[in-house]
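Listing of my_file_37.pdb, PDB, C-alpha atoms (C1' of nucleotides)
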```
ATOM      1  CA  MET Y 998      19.531  10.930   4.741
ATOM      2  CA  LYS Y 999      22.486  10.783   7.115
ATOM      3  CA  ARG Y1000      20.738  11.704  10.341
ATOM      4  CA  ILE Y1001      17.432  11.063  12.036
ATOM      5  CA  VAL Y1002      14.665  12.312   9.804
ATOM      6  CA  SER Y1003      11.413  13.811  11.052
ATOM      7  CA  PRO Y1004       8.204  11.785  10.775
ATOM      8  CA  GLU Y1005       6.771  14.407   8.425
ATOM      9  CA  VAL Y1006       9.575  13.974   5.932
ATOM     10  CA  LEU Y1007       9.423  10.197   6.290
ATOM     11  CA  GLU Y1008       5.748  10.388   5.366
ATOM     12  CA  LEU Y1009       6.580  12.413   2.256
ATOM     13  CA  ILE Y1010       9.218   9.901   1.231
ATOM     14  CA  ALA Y1011       6.891   6.963   1.900
ATOM     15  CA  GLU Y1012       4.211   8.644  -0.181
ATOM     16  CA  ARG Y1013       6.571   8.682  -3.170
ATOM     17  CA  PHE Y1014       7.504   5.060  -2.756
ATOM     18  CA  ARG Y1015       3.821   4.173  -2.418
ATOM     19  CA  VAL Y1016       3.173   5.533  -5.882
ATOM     20  CA  LEU Y1017       5.905   3.310  -7.285
ATOM     21  CA  ALA Y1018       4.671   0.297  -5.323
ATOM     22  CA  ASP Y1019       2.108  -0.699  -7.927
ATOM     23  CA  PRO Y1020       2.826  -2.847 -10.980
ATOM     24  CA  ALA Y1021       0.210  -1.069 -13.086
ATOM     25  CA  ARG Y1022       1.820   2.311 -12.503
ATOM     26  CA  LEU Y1023       5.287   0.914 -13.135
ATOM     27  CA  GLN Y1024       4.015  -0.535 -16.391
ATOM     28  CA  ILE Y1025       2.597   2.811 -17.447
ATOM     29  CA  LEU Y1026       5.884   4.521 -16.612
ATOM     30  CA  ASN Y1027       7.713   1.817 -18.493
ATOM     31  CA  VAL Y1028       5.611   2.410 -21.600
ATOM     32  CA  LEU Y1029       6.106   6.156 -21.277
ATOM     33  CA  GLN Y1030       9.815   5.565 -21.519
ATOM     34  CA  THR Y1031       9.275   4.949 -25.234
ATOM     35  CA  GLY Y1032       7.973   8.495 -25.531
ATOM     36  CA  GLU Y1033       5.001  10.770 -25.044
ATOM     37  CA  GLN Y1034       1.608   9.000 -25.187
ATOM     38  CA  THR Y1035      -2.079   9.804 -24.973
ATOM     39  CA  VAL Y1036      -4.343   8.007 -22.536
ATOM     40  CA  THR Y1037      -5.815   5.975 -25.391
ATOM     41  CA  GLU Y1038      -2.390   4.911 -26.598
ATOM     42  CA  LEU Y1039      -1.495   3.895 -23.075
ATOM     43  CA  MET Y1040      -4.701   1.860 -22.900
ATOM     44  CA  ARG Y1041      -3.670  -0.037 -25.998
ATOM     45  CA  ALA Y1042      -0.085  -0.491 -24.862
ATOM     46  CA  THR Y1043      -1.039  -1.792 -21.434
ATOM     47  CA  GLY Y1044      -4.411  -3.434 -22.016
ATOM     48  CA  PHE Y1045      -5.848  -1.462 -19.075
ATOM     49  CA  ARG Y1046      -9.266   0.149 -19.082
ATOM     50  CA  GLN Y1047      -9.622   3.865 -19.512
ATOM     51  CA  ALA Y1048     -10.578   4.652 -15.929
ATOM     52  CA  LYS Y1049      -7.647   2.652 -14.653
ATOM     53  CA  VAL Y1050      -5.108   4.387 -16.867
ATOM     54  CA  SER Y1051      -6.544   7.794 -16.146
ATOM     55  CA  LYS Y1052      -6.606   7.288 -12.409
ATOM     56  CA  HIS Y1053      -3.030   6.070 -12.238
ATOM     57  CA  LEU Y1054      -1.924   8.966 -14.411
ATOM     58  CA  GLN Y1055      -3.584  11.430 -12.036
ATOM     59  CA  LEU Y1056      -1.620   9.993  -9.152
ATOM     60  CA  LEU Y1057       1.628  10.023 -11.093
ATOM     61  CA  TYR Y1058       0.935  13.578 -12.167
ATOM     62  CA  ASN Y1059       0.005  14.832  -8.729
ATOM     63  CA  LEU Y1060       3.243  13.510  -7.291
ATOM     64  CA  GLY Y1061       5.312  14.897 -10.135
ATOM     65  CA  PHE Y1062       6.337  11.674 -11.842
ATOM     66  CA  VAL Y1063       4.786  12.640 -15.181
ATOM     67  CA  ASP Y1064       3.962  15.848 -17.033
ATOM     68  CA  ARG Y1065       1.143  16.374 -19.495
ATOM     69  CA  ARG Y1066       0.006  18.674 -22.239
ATOM     70  CA  LYS Y1067      -3.418  19.031 -23.754
ATOM     71  CA  GLU Y1068      -3.917  19.143 -27.479
ATOM     72  CA  GLY Y1069      -7.482  19.165 -28.719
ATOM     73  CA  LEU Y1070      -9.243  16.088 -27.499
ATOM     74  CA  HIS Y1071      -6.061  14.385 -26.418
ATOM     75  CA  VAL Y1072      -3.881  14.652 -23.371
ATOM     76  CA  TYR Y1073      -0.284  13.695 -23.920
ATOM     77  CA  TYR Y1074       1.599  12.313 -20.949
ATOM     78  CA  ARG Y1075       5.355  12.081 -20.643
ATOM     79  CA  LEU Y1076       7.925  11.275 -17.979
ATOM     80  CA  ALA Y1077       8.802  14.220 -15.785
ATOM     81  CA  SER Y1078      12.273  12.906 -15.056
ATOM     82  CA  GLU Y1079      14.499   9.905 -15.376
ATOM     83  CA  ASP Y1080      14.695   9.487 -11.617
ATOM     84  CA  VAL Y1081      12.066   6.775 -11.740
ATOM     85  CA  PHE Y1082      14.412   4.591 -13.715
ATOM     86  CA  LEU Y1083      17.326   5.380 -11.485
ATOM     87  CA  LEU Y1084      15.172   4.062  -8.658
ATOM     88  CA  CYS Y1085      14.071   1.006 -10.603
ATOM     89  CA  ASP Y1086      17.616   0.257 -11.676
ATOM     90  CA  ILE Y1087      18.757   0.129  -8.072
ATOM     91  CA  VAL Y1088      15.907  -2.215  -7.211
ATOM     92  CA  CYS Y1089      16.627  -4.359 -10.270
ATOM     93  CA  ARG Y1090      20.267  -4.629  -9.290
ATOM     94  CA  ARG Y1091      19.106  -5.901  -5.903
ATOM     95  CA  LEU Y1092      16.791  -8.417  -7.552
ATOM     96  CA  GLN Y1093      19.694  -9.633  -9.638
ATOM     97  CA  VAL Y1094      21.874 -10.045  -6.564
ATOM     98  CA  GLU Y1095      19.101 -11.978  -4.836
ATOM     99  CA  ALA Y1096      18.614 -14.199  -7.864
ATOM    100  CA  ASP Y1097      22.340 -14.909  -8.023
ATOM    101  CA  ARG Y1098      22.403 -15.758  -4.356
ATOM    102  CA  ARG Y1099      19.483 -18.180  -4.730
ATOM    103  CA  GLN Y1100      21.277 -19.744  -7.664
ATOM    104  CA  GLU Y1101      24.400 -20.258  -5.567
ATOM    105  CA  VAL Y1102      22.371 -21.915  -2.830
ATOM    106  CA  LEU Y1103      20.766 -24.243  -5.347
ATOM    107  CA  GLU Y1104      24.139 -25.217  -6.759
ATOM    108  CA  GLU Y1105      25.470 -25.790  -3.274
ATOM    109  CA  LEU Y1106      22.529 -28.054  -2.510
ATOM    110  CA  ALA Y1107      23.090 -29.941  -5.762
ATOM    111  CA  GLY Y1108      26.731 -30.393  -4.773
ATOM    112  CA  LEU Y1109      25.754 -31.792  -1.387
ATOM    113  CA  GLY Y1110      23.350 -34.166  -3.069
ATOM    114  CA  ALA Y1111      26.106 -35.511  -5.296
ATOM    115  CA  GLU Y1112      28.368 -36.070  -2.293
ATOM    116  CA  ALA Y1113      25.693 -37.841  -0.255
TER
ATOM    117  CA  MET B 544      14.933  -0.741 -17.350
ATOM    118  CA  LYS B 545      15.332   0.400 -20.938
ATOM    119  CA  ARG B 546      12.756  -1.804 -22.623
ATOM    120  CA  ILE B 547       9.323  -3.183 -21.866
ATOM    121  CA  VAL B 548       9.500  -5.214 -18.669
ATOM    122  CA  SER B 549       7.370  -8.292 -17.976
ATOM    123  CA  PRO B 550       4.504  -8.054 -15.472
ATOM    124  CA  GLU B 551       6.251 -10.589 -13.256
ATOM    125  CA  VAL B 552       9.345  -8.427 -12.896
ATOM    126  CA  LEU B 553       7.214  -5.326 -12.410
ATOM    127  CA  GLU B 554       5.489  -7.118  -9.540
ATOM    128  CA  LEU B 555       8.861  -7.902  -7.950
ATOM    129  CA  ILE B 556       9.954  -4.294  -8.273
ATOM    130  CA  ALA B 557       6.651  -3.020  -6.889
ATOM    131  CA  GLU B 558       6.987  -5.389  -3.957
ATOM    132  CA  ARG B 559      10.295  -3.757  -3.006
ATOM    133  CA  PHE B 560       8.896  -0.270  -3.258
ATOM    134  CA  ARG B 561       5.904  -1.339  -1.177
ATOM    135  CA  VAL B 562       8.203  -2.213   1.695
ATOM    136  CA  LEU B 563       9.697   1.262   1.550
ATOM    137  CA  ALA B 564       6.276   2.887   1.287
ATOM    138  CA  ASP B 565       5.718   2.956   5.033
ATOM    139  CA  PRO B 566       6.957   5.698   7.370
ATOM    140  CA  ALA B 567       7.411   3.266  10.262
ATOM    141  CA  ARG B 568       9.728   1.047   8.248
ATOM    142  CA  LEU B 569      11.627   4.036   6.915
ATOM    143  CA  GLN B 570      12.045   5.246  10.468
ATOM    144  CA  ILE B 571      13.399   1.879  11.562
ATOM    145  CA  LEU B 572      15.833   1.866   8.642
ATOM    146  CA  ASN B 573      16.800   5.399   9.504
ATOM    147  CA  VAL B 574      17.594   4.421  13.081
ATOM    148  CA  LEU B 575      19.534   1.392  11.882
ATOM    149  CA  GLN B 576      21.752   3.736   9.949
ATOM    150  CA  THR B 577      23.321   4.680  13.279
ATOM    151  CA  GLY B 578      24.403   1.067  13.701
ATOM    152  CA  GLU B 579      23.314  -2.414  14.683
ATOM    153  CA  GLN B 580      20.385  -2.521  17.129
ATOM    154  CA  THR B 581      18.282  -5.031  19.042
ATOM    155  CA  VAL B 582      14.498  -5.036  18.844
ATOM    156  CA  THR B 583      14.313  -3.481  22.283
ATOM    157  CA  GLU B 584      16.686  -0.694  21.351
ATOM    158  CA  LEU B 585      14.643  -0.037  18.238
ATOM    159  CA  MET B 586      11.495   0.126  20.377
ATOM    160  CA  ARG B 587      13.091   2.810  22.508
ATOM    161  CA  ALA B 588      14.470   4.720  19.555
ATOM    162  CA  THR B 589      11.175   4.765  17.681
ATOM    163  CA  GLY B 590       8.590   4.616  20.448
ATOM    164  CA  PHE B 591       6.871   1.730  18.664
ATOM    165  CA  ARG B 592       5.454  -1.313  20.415
ATOM    166  CA  GLN B 593       7.304  -4.575  20.324
ATOM    167  CA  ALA B 594       4.942  -6.347  17.935
ATOM    168  CA  LYS B 595       5.091  -3.427  15.541
ATOM    169  CA  VAL B 596       8.861  -3.286  15.464
ATOM    170  CA  SER B 597       9.149  -7.040  15.143
ATOM    171  CA  LYS B 598       6.685  -7.329  12.298
ATOM    172  CA  HIS B 599       8.269  -4.554  10.293
ATOM    173  CA  LEU B 600      11.676  -6.120  10.840
ATOM    174  CA  GLN B 601      10.381  -9.449   9.526
ATOM    175  CA  LEU B 602       9.221  -7.770   6.343
ATOM    176  CA  LEU B 603      12.467  -5.882   5.930
ATOM    177  CA  TYR B 604      14.399  -9.063   6.573
ATOM    178  CA  ASN B 605      12.366 -11.217   4.186
ATOM    179  CA  LEU B 606      12.935  -8.769   1.362
ATOM    180  CA  GLY B 607      16.619  -8.454   2.107
ATOM    181  CA  PHE B 608      16.745  -4.902   3.401
ATOM    182  CA  VAL B 609      18.198  -5.897   6.775
ATOM    183  CA  ASP B 610      20.336  -8.720   8.147
ATOM    184  CA  ARG B 611      20.266 -10.093  11.686
ATOM    185  CA  ARG B 612      22.299 -12.130  14.094
ATOM    186  CA  LYS B 613      21.240 -13.817  17.277
ATOM    187  CA  GLU B 614      23.228 -13.442  20.476
ATOM    188  CA  GLY B 615      21.734 -14.932  23.621
ATOM    189  CA  LEU B 616      18.378 -13.371  24.248
ATOM    190  CA  HIS B 617      18.902 -10.613  21.755
ATOM    191  CA  VAL B 618      18.576 -10.370  18.016
ATOM    192  CA  TYR B 619      20.714  -7.701  16.451
ATOM    193  CA  TYR B 620      19.447  -6.140  13.243
ATOM    194  CA  ARG B 621      21.542  -4.160  10.803
ATOM    195  CA  LEU B 622      21.213  -2.693   7.317
ATOM    196  CA  ALA B 623      21.904  -5.194   4.561
ATOM    197  CA  SER B 624      23.068  -2.531   2.141
ATOM    198  CA  GLU B 625      23.243   1.180   1.594
ATOM    199  CA  ASP B 626      20.917   0.951  -1.392
ATOM    200  CA  VAL B 627      17.993   2.017   0.744
ATOM    201  CA  PHE B 628      19.629   5.366   1.284
ATOM    202  CA  LEU B 629      20.545   5.708  -2.346
ATOM    203  CA  LEU B 630      16.840   5.297  -3.037
ATOM    204  CA  CYS B 631      15.827   7.721  -0.318
ATOM    205  CA  ASP B 632      18.382  10.263  -1.459
ATOM    206  CA  ILE B 633      16.907  10.286  -4.944
ATOM    207  CA  VAL B 634      13.440  10.783  -3.498
ATOM    208  CA  CYS B 635      14.687  13.504  -1.176
ATOM    209  CA  ARG B 636      16.296  15.323  -4.065
ATOM    210  CA  ARG B 637      12.922  15.259  -5.787
ATOM    211  CA  LEU B 638      11.222  16.602  -2.682
ATOM    212  CA  GLN B 639      13.755  19.428  -2.593
ATOM    213  CA  VAL B 640      13.098  20.257  -6.232
ATOM    214  CA  GLU B 641       9.350  20.288  -5.585
ATOM    215  CA  ALA B 642       9.787  22.503  -2.542
ATOM    216  CA  ASP B 643      11.928  24.930  -4.542
ATOM    217  CA  ARG B 644       9.347  25.034  -7.302
ATOM    218  CA  ARG B 645       6.565  25.784  -4.830
ATOM    219  CA  GLN B 646       8.708  28.506  -3.356
ATOM    220  CA  GLU B 647       9.194  30.075  -6.776
ATOM    221  CA  VAL B 648       5.464  30.033  -7.420
ATOM    222  CA  LEU B 649       4.829  31.728  -4.100
ATOM    223  CA  GLU B 650       7.365  34.428  -4.847
ATOM    224  CA  GLU B 651       5.861  34.941  -8.276
ATOM    225  CA  LEU B 652       2.440  35.353  -6.693
ATOM    226  CA  ALA B 653       3.862  37.816  -4.194
ATOM    227  CA  GLY B 654       5.359  39.771  -7.087
ATOM    228  CA  LEU B 655       2.026  39.894  -8.880
ATOM    229  CA  GLY B 656       0.385  41.086  -5.694
ATOM    230  CA  ALA B 657       2.845  43.947  -5.421
ATOM    231  CA  GLU B 658       2.238  44.985  -9.010
ATOM    232  CA  ALA B 659      -1.534  44.889  -8.720
TER
ATOM    233  C1'  DA G1119      13.026 -27.245  36.534
ATOM    234  C1'  DT G1120      11.296 -22.295  37.422
ATOM    235  C1'  DG G1121      10.987 -17.610  36.684
ATOM    236  C1'  DG G1122      11.939 -13.809  33.849
ATOM    237  C1'  DT G1123      13.019 -11.382  29.633
ATOM    238  C1'  DA G1124      13.483 -10.872  24.415
ATOM    239  C1'  DT G1125      11.421 -11.865  20.299
ATOM    240  C1'  DA G1126       7.985 -13.969  17.155
ATOM    241  C1'  DC G1127       3.372 -15.233  16.003
ATOM    242  C1'  DT G1128      -1.916 -15.207  15.787
ATOM    243  C1'  DG G1129      -6.348 -13.260  15.522
ATOM    244  C1'  DC G1130      -8.751  -9.182  15.034
ATOM    245  C1'  DT G1131     -10.409  -4.455  13.414
ATOM    246  C1'  DG G1132     -10.213  -0.361  10.928
ATOM    247  C1'  DT G1133      -8.489   2.075   7.008
ATOM    248  C1'  DA G1134      -6.679   2.721   2.501
ATOM    249  C1'  DT G1135      -6.781   1.781  -2.132
ATOM    250  C1'  DA G1136      -7.056  -0.898  -6.591
ATOM    251  C1'  DG G1137     -10.189  -1.871 -10.126
ATOM    252  C1'  DG G1138     -14.838  -2.082 -12.522
ATOM    253  C1'  DA G1139     -19.174   0.183 -14.196
ATOM    254  C1'  DA G1140     -21.325   4.093 -15.106
ATOM    255  C1'  DT G1141     -21.486   9.032 -15.427
ATOM    256  C1'  DT G1142     -19.684  13.556 -16.368
ATOM    257  C1'  DT G1143     -16.768  16.933 -18.431
ATOM    258  C1'  DA G1144     -14.025  18.877 -22.305
ATOM    259  C1'  DC G1145     -13.543  19.573 -26.839
ATOM    260  C1'  DA G1146     -13.956  19.187 -31.982
ATOM    261  C1'  DA G1147     -16.644  18.652 -36.170
ATOM    262  C1'  DA G1148     -20.900  18.720 -38.660
TER
ATOM    263  C1'  DT K 202     -26.772  23.165 -31.169
ATOM    264  C1'  DT K 203     -26.132  18.354 -31.722
ATOM    265  C1'  DT K 204     -23.173  14.449 -32.073
ATOM    266  C1'  DG K 205     -19.188  11.847 -31.149
ATOM    267  C1'  DT K 206     -14.827  10.952 -28.934
ATOM    268  C1'  DA K 207     -11.177  11.541 -25.188
ATOM    269  C1'  DA K 208     -10.374  11.948 -20.585
ATOM    270  C1'  DA K 209     -11.675  12.618 -15.776
ATOM    271  C1'  DT K 210     -14.520  11.599 -11.969
ATOM    272  C1'  DT K 211     -17.832   9.174  -8.932
ATOM    273  C1'  DC K 212     -19.604   5.304  -6.645
ATOM    274  C1'  DC K 213     -19.031   0.766  -5.346
ATOM    275  C1'  DT K 214     -16.814  -3.660  -3.803
ATOM    276  C1'  DA K 215     -13.063  -6.483  -2.615
ATOM    277  C1'  DT K 216      -8.598  -6.889  -0.914
ATOM    278  C1'  DA K 217      -4.363  -5.755   1.555
ATOM    279  C1'  DC K 218      -2.218  -4.318   5.397
ATOM    280  C1'  DA K 219      -1.027  -1.492   9.636
ATOM    281  C1'  DG K 220      -1.524  -1.629  14.374
ATOM    282  C1'  DC K 221      -3.249  -3.578  18.752
ATOM    283  C1'  DA K 222      -3.815  -7.172  22.250
ATOM    284  C1'  DG K 223      -2.801 -11.367  23.581
ATOM    285  C1'  DT K 224      -0.191 -15.618  23.344
ATOM    286  C1'  DA K 225       3.632 -18.581  22.262
ATOM    287  C1'  DT K 226       8.464 -19.575  21.813
ATOM    288  C1'  DA K 227      13.431 -19.148  22.761
ATOM    289  C1'  DC K 228      16.836 -18.359  25.813
ATOM    290  C1'  DC K 229      19.293 -17.074  30.152
ATOM    291  C1'  DA K 230      19.786 -17.080  35.342
ATOM    292  C1'  DT K 231      18.911 -18.927  39.702
TER
END
```

Structure translated into structure tokens:
Amino acid sequence: MKRIVSPEVLELIAERFRVLADPARLQILNVLQTGEQTVTELMRATGFRQAKVSKHLQLLYNLGFVDRRKEGLHVYYRLASEDVFLLCDIVCRRLQVEADRRQEVLEELAGLGAEA
Amino acid sequence: MKRIVSPEVLELIAERFRVLADPARLQILNVLQTGEQTVTELMRATGFRQAKVSKHLQLLYNLGFVDRRKEGLHVYYRLASEDVFLLCDIVCRRLQVEADRRQEVLEELAGLGAEA
DNA sequence: ATGGTATACTGCTGTATAGGAATTTACAAA
DNA sequence: TTTGTAAATTCCTATACAGCAGTATACCAT
């Protein structure tokens, strides 16, 4: 994204971020990182109700974040790609930087207190 | 994010994605990529109203996506880091992959049509 | 101080969506 | 076919937030 991007493309990008902007969906993705899971297994792993899990999975599926396969009664969901975690890692790195910075400020304040 | 992450951290991550999940903010960030800008310049570049630009900038500033400096009447905003574009690039790559896949499907359908 | 401009803030409305309860659909076994 | 279980969907309510209009604040110039 080196130049001015059209509103249409910006909307598509925003739509992707919107899907990741929900702790419940991130949790589901996080659980899926341990491997393929059925909806029921995801319910147990997350503590969410069935409708909630299913609805979030639909969204994730529709936007290509997860794949699924049907086997008898069960539907197995799995991550479609590792990109999600690339994205989360970048965000986590930022969180770490922010935390460090806050820590520095606190220490600076403590230092001032000692001097005063 | 290799193991199960706590709900608190997931909320922090989601919060960051939420800020990026808005075309207007992405557009502002996109414009800022061309260099430091005042609110007024951003209004002209985006066509947004003053209140809109200002509010989005507050959000972006509070979550550390942009920095600012005051000079007389003007406040100059600039990108705090290139991470935003790392994130967008990953998403864009995904969009490209999706587009390619759709294209393939269309061509496959066209092929079937020719055969039939 | 006064007037004028840049930016931030407040109150409001409409829209989107998360989550719960209940229902429906899909499938397997008896 | 009937029964039971898994998953998807529908309807509903509450909440969050984008965007607008208007107002307030900060700062410069005269």

Can you list every residue of region 549-659 of chain B that has an atom at most 12 Å from region 1122-1142 of chain G, with its nearest atom pair and the distance in Å to one decimal, using all atoms listed in the file, ordered by chain then number, as JSON lines?
```
{"residue": "B:Thr581", "atom": "CA", "partner": "G:DA1124", "partner_atom": "C1'", "distance": 9.3}
{"residue": "B:Val582", "atom": "CA", "partner": "G:DT1125", "partner_atom": "C1'", "distance": 7.6}
{"residue": "B:Thr583", "atom": "CA", "partner": "G:DA1124", "partner_atom": "C1'", "distance": 7.7}
{"residue": "B:Glu584", "atom": "CA", "partner": "G:DA1124", "partner_atom": "C1'", "distance": 11.1}
{"residue": "B:Met586", "atom": "CA", "partner": "G:DA1124", "partner_atom": "C1'", "distance": 11.9}
{"residue": "B:Gln593", "atom": "CA", "partner": "G:DT1125", "partner_atom": "C1'", "distance": 8.4}
{"residue": "B:Ala594", "atom": "CA", "partner": "G:DA1126", "partner_atom": "C1'", "distance": 8.2}
{"residue": "B:Lys595", "atom": "CA", "partner": "G:DA1126", "partner_atom": "C1'", "distance": 11.1}
{"residue": "B:Val596", "atom": "CA", "partner": "G:DT1125", "partner_atom": "C1'", "distance": 10.2}
{"residue": "B:Ser597", "atom": "CA", "partner": "G:DA1126", "partner_atom": "C1'", "distance": 7.3}
{"residue": "B:Lys598", "atom": "CA", "partner": "G:DA1126", "partner_atom": "C1'", "distance": 8.3}
{"residue": "B:His599", "atom": "CA", "partner": "G:DA1126", "partner_atom": "C1'", "distance": 11.7}
{"residue": "B:Leu600", "atom": "CA", "partner": "G:DA1126", "partner_atom": "C1'", "distance": 10.7}
{"residue": "B:Gln601", "atom": "CA", "partner": "G:DA1126", "partner_atom": "C1'", "distance": 9.2}
{"residue": "B:Lys613", "atom": "CA", "partner": "G:DT1125", "partner_atom": "C1'", "distance": 10.5}
{"residue": "B:Glu614", "atom": "CA", "partner": "G:DA1124", "partner_atom": "C1'", "distance": 10.8}
{"residue": "B:Gly615", "atom": "CA", "partner": "G:DA1124", "partner_atom": "C1'", "distance": 9.2}
{"residue": "B:Leu616", "atom": "CA", "partner": "G:DA1124", "partner_atom": "C1'", "distance": 5.5}
{"residue": "B:His617", "atom": "CA", "partner": "G:DA1124", "partner_atom": "C1'", "distance": 6.0}
{"residue": "B:Val618", "atom": "CA", "partner": "G:DT1125", "partner_atom": "C1'", "distance": 7.7}
{"residue": "B:Tyr619", "atom": "CA", "partner": "G:DT1125", "partner_atom": "C1'", "distance": 10.9}
```

Original post:
Distance C1' of DG220 (chain K)-CA of Ala567 (chain B), one decimal place?
Top reply: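 According to the coordinates, C1' of DG220 (chain K) and CA of Ala567 (chain B) are separated by 11.0 Å.
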
Original post:
Rounded to one decimal in Å, what is the spacing between CA of Glu551 (chain B) and CA of Cys1085 (chain Y)?
Top reply: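 The value is 14.2 Å.
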
**OP:** Apply the PyMOL selection byres ((chain Y) within 8 of (chain B)) to the file shown and report the selected residues as a VMD selection string.
**Re:** chain Y and resid 998 to 1002 1004 1007 to 1015 1017 to 1020 1023 to 1024 1027 to 1028 1030 1080 1082 1084 to 1089 1092

Subject >> CA of Arg611 (chain B) to CA of Gly578 (chain B), straight-line distance in Å >> reply: 12.1 Å

Subject >> Long-range neighbours of Asp1064 (chain Y) as a PyMOL selection string, 7 Å cut-off, all atoms listed in the file, 5 positions minimum in chain >> reply: chain Y and resi 1058+1074-1077

**OP:** Apply the PyMOL selection byres ((chain K) within 10 of (chain Y)) to the displayed file and report the matching residues as a PyMOL selection string.
**Re:** chain K and resi 206-210

Original post:
Using the chain letters and numbers from the file, which residues does the PyMOL selection byres ((chain K and resi 231) around 10) grab, as a list in words?
Top reply: DT1120 and DG1121 of chain G; DC229 and DA230 of chain K

Based on the selection just made, write C-alpha atoms (C1' of nucleotides) of those residues as a PDB file, keeping the file's coordinate frame.
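As a result, result-v3.pdb now contains:
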```
ATOM      1  C1'  DT G1120      11.296 -22.295  37.422  1.00  0.00           C
ATOM      2  C1'  DG G1121      10.987 -17.610  36.684  1.00  0.00           C
TER       3       DG G1121
ATOM      4  C1'  DC K 229      19.293 -17.074  30.152  1.00  0.00           C
ATOM      5  C1'  DA K 230      19.786 -17.080  35.342  1.00  0.00           C
TER       6       DA K 230
END
```

**OP:** Identify every residue of chain G that has at least one atom within 8 Å of any atom of chain Y, counting only C-alpha atoms (C1' of nucleotides), and report the result as a count of residues only.
**Re:** 4

If I wrap all listed atoms of region 619-633 of chain B in a box with edges along x, y and z and add 6 Å on each side, what are its centre and edge lengths in Å to one decimal, as lines of an AutoDock Vina configuration file?
```
center_x = 19.5
center_y = 1.3
center_z = 5.8
size_x = 19.4
size_y = 30.0
size_z = 33.4
```
